[in-house]
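The next block holds one structure in the form of structure tokens; read it before the comments.
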Amino acid sequence: MGIDIGKSLTEPVGMLKENYGLFVPALLPFAINLLSGVAFGGSVFRMRPAGMGALIGLAGIMGLISFIASLIAAGAIVDMAHRQLTGESPGYMTGINAALGRLSSLIVATVIIAIGAFIGMMLLIIPGLIWLILVAFTIPIIMLEDMDGIEAIRESISLVRGNFGDVVVFLIALIIIAGVVTMILSLIPYVGSAVASLITTPYVAVALTLAYLDLRGE
């Protein structure tokens with residue numbers, strides 16, 4: 001087992017070109033982020049102090065909606081990418097329905113991961129980074145192995161432990177690529193971060209799917 005790092009980082013581009021439907025699940029978080037960017041972009045500077053509480057509350061609601069939408073998008077894209085790799089013609093509704101069916105597991109896993117990362121970061125950062133590396137394949141495992149959130153986290157940890165070096169190199173390269181794209185597109189006022197998420201969400205989800213399948217021996 002091991003990750004074909006070059007393939008896992010380059011093949012997603014071809015898959016996205018071949019099937020633009022992979023972008024569709026990312027449209028909802030894109031729309032939410034776009035709306036937030038436009039609505040809140042200059043509001044803080046024009047808002048009176050009395051209205052700041054309402055603005056913060058609205059931002060919190062939008063953040064929660066964006067969080068759930070991003071989980072659905074990631075899960076749907078993983079499901080669609082796997083179907084595409086096995087020769088199916090994956091419709092975006094099939095992927096979205098698959099993600100909705102596992103939404104509770106996705107939420108539970110993400111909350112546990114976030115708590116673990118917070119605790120790890122409080123312990124001189126490095127434990128938090130190691131934790132995030134170990135749980136990197138939780139979403140693909142939930143979607144492709146139909147495990148619940150806790151089982152998927154355990155499986156990801158077990159899988160990464162046996163391939164730690166490959167996974168670290170792959171994740172560093174993936175973060176650099178996504179980071180550069182995000183940094184460049186974020187220069188666009190108000191809408192840049194939303195456009196970046198529309199591109200990086202499918203790319204990262206497909207890349208993680210390919211890497212996971214490599215580790216699984218497929």
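Every chain in the structure tokens takes a letter, A first, then B, and so on in the order presented; its residues are numbered from 1, and the ligands are numbered from 1 following the presented order.
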- request: Quick one: everything within 9 Å of Ile5 in chain A, counting only C-alpha atoms, minus sequence neighbours fewer than 5 positions away in the same chain. Send it as a list in words.
  value: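 In the requested form, the answer reads Thr10, Asp166, Val167, Val169, Phe170, Ala173 and Ala211 of chain A.
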- Task: Can you pull out every residue within 12 Å of range 115-118 of chain A, counting only C-alpha atoms, but drop anything in the same chain fewer than 2 positions away, and send it as a PyMOL selection string?
- Result: chain A and resi 108-113+120-136+153
Export of the given selection (C-alpha atoms) as a PDB file, in the first residue's frame:
ATOM      1  CA  VAL A 108     -20.361  13.788  14.611  1.00  0.00           C
ATOM      2  CA  ALA A 109     -16.968  13.015  13.095  1.00  0.00           C
ATOM      3  CA  THR A 110     -16.250  16.655  12.267  1.00  0.00           C
ATOM      4  CA  VAL A 111     -17.182  17.823  15.767  1.00  0.00           C
ATOM      5  CA  ILE A 112     -14.934  15.182  17.335  1.00  0.00           C
ATOM      6  CA  ILE A 113     -12.116  16.103  14.959  1.00  0.00           C
ATOM      7  CA  GLY A 120      -4.043  19.340  20.411  1.00  0.00           C
ATOM      8  CA  MET A 121      -3.341  22.929  19.394  1.00  0.00           C
ATOM      9  CA  MET A 122      -3.493  23.970  23.052  1.00  0.00           C
ATOM     10  CA  LEU A 123      -0.758  21.379  23.705  1.00  0.00           C
ATOM     11  CA  LEU A 124       1.959  23.218  21.772  1.00  0.00           C
ATOM     12  CA  ILE A 125       0.318  22.849  18.313  1.00  0.00           C
ATOM     13  CA  ILE A 126       2.199  19.735  17.127  1.00  0.00           C
ATOM     14  CA  PRO A 127      -0.222  17.212  18.722  1.00  0.00           C
ATOM     15  CA  GLY A 128      -3.076  19.031  16.973  1.00  0.00           C
ATOM     16  CA  LEU A 129      -1.346  18.785  13.607  1.00  0.00           C
ATOM     17  CA  ILE A 130      -0.612  15.079  14.119  1.00  0.00           C
ATOM     18  CA  TRP A 131      -4.264  14.514  15.042  1.00  0.00           C
ATOM     19  CA  LEU A 132      -5.456  16.244  11.852  1.00  0.00           C
ATOM     20  CA  ILE A 133      -3.096  14.102   9.774  1.00  0.00           C
ATOM     21  CA  LEU A 134      -4.341  10.908  11.416  1.00  0.00           C
ATOM     22  CA  VAL A 135      -8.012  11.702  10.756  1.00  0.00           C
ATOM     23  CA  ALA A 136      -7.529  13.064   7.224  1.00  0.00           C
ATOM     24  CA  ILE A 153     -12.035   8.164  12.750  1.00  0.00           C
TER      25      ILE A 153
END
Counting only C-alpha atoms, the residue among A:Ile172, A:Ile65, A:Ile3, A:Ile184 that lies closest to Ala31 in chain A is A:Ile65
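Of the listed residues (A:Leu208, A:Val191, A:Leu185, A:Leu213), A:Val191 comes nearest to Leu35 in chain A; the distances count only C-alpha atoms.
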So, counting only C-alpha atoms, which residue among A:Ser89, A:Ile68, A:Ile32, A:Pro140 is closest to Val204 in chain A?
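Result for the nearest residue to Val204 in chain A: A:Pro140.
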Can you list every residue in range 29-212 of chain A that DSSP puts in helix (DSSP H, G or I), as a ChimeraX atom specification?
/A:29-40,43-46,49-85,92-101,103-122,126-134,138-145,149-161,164-185,192-212
Problem set entry | Which of A:Ile77, A:Gly2, A:Lys7, A:Leu34 sits closest to Val168 in chain A [using only C-alpha atoms] |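 Ranking A:Ile77, A:Gly2, A:Lys7, A:Leu34 by distance to Val168 in chain A, first place goes to A:Gly2.
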### Query
Counting only C-alpha atoms, which of A:Ile199, A:Leu28, A:Val160, A:Leu71 gets nearest to Gly101 in chain A?
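Looking at the shortest contact to Gly101 in chain A, the residue is A:Leu71.
Using only C-alpha atoms, the protein and nucleic acid residues lying no more than 8 Å from Leu198 in chain A, apart from those fewer than 6 places from it along its own chain, are Phe23, Ala26, Leu27, Pro29 and Phe30 of chain A.
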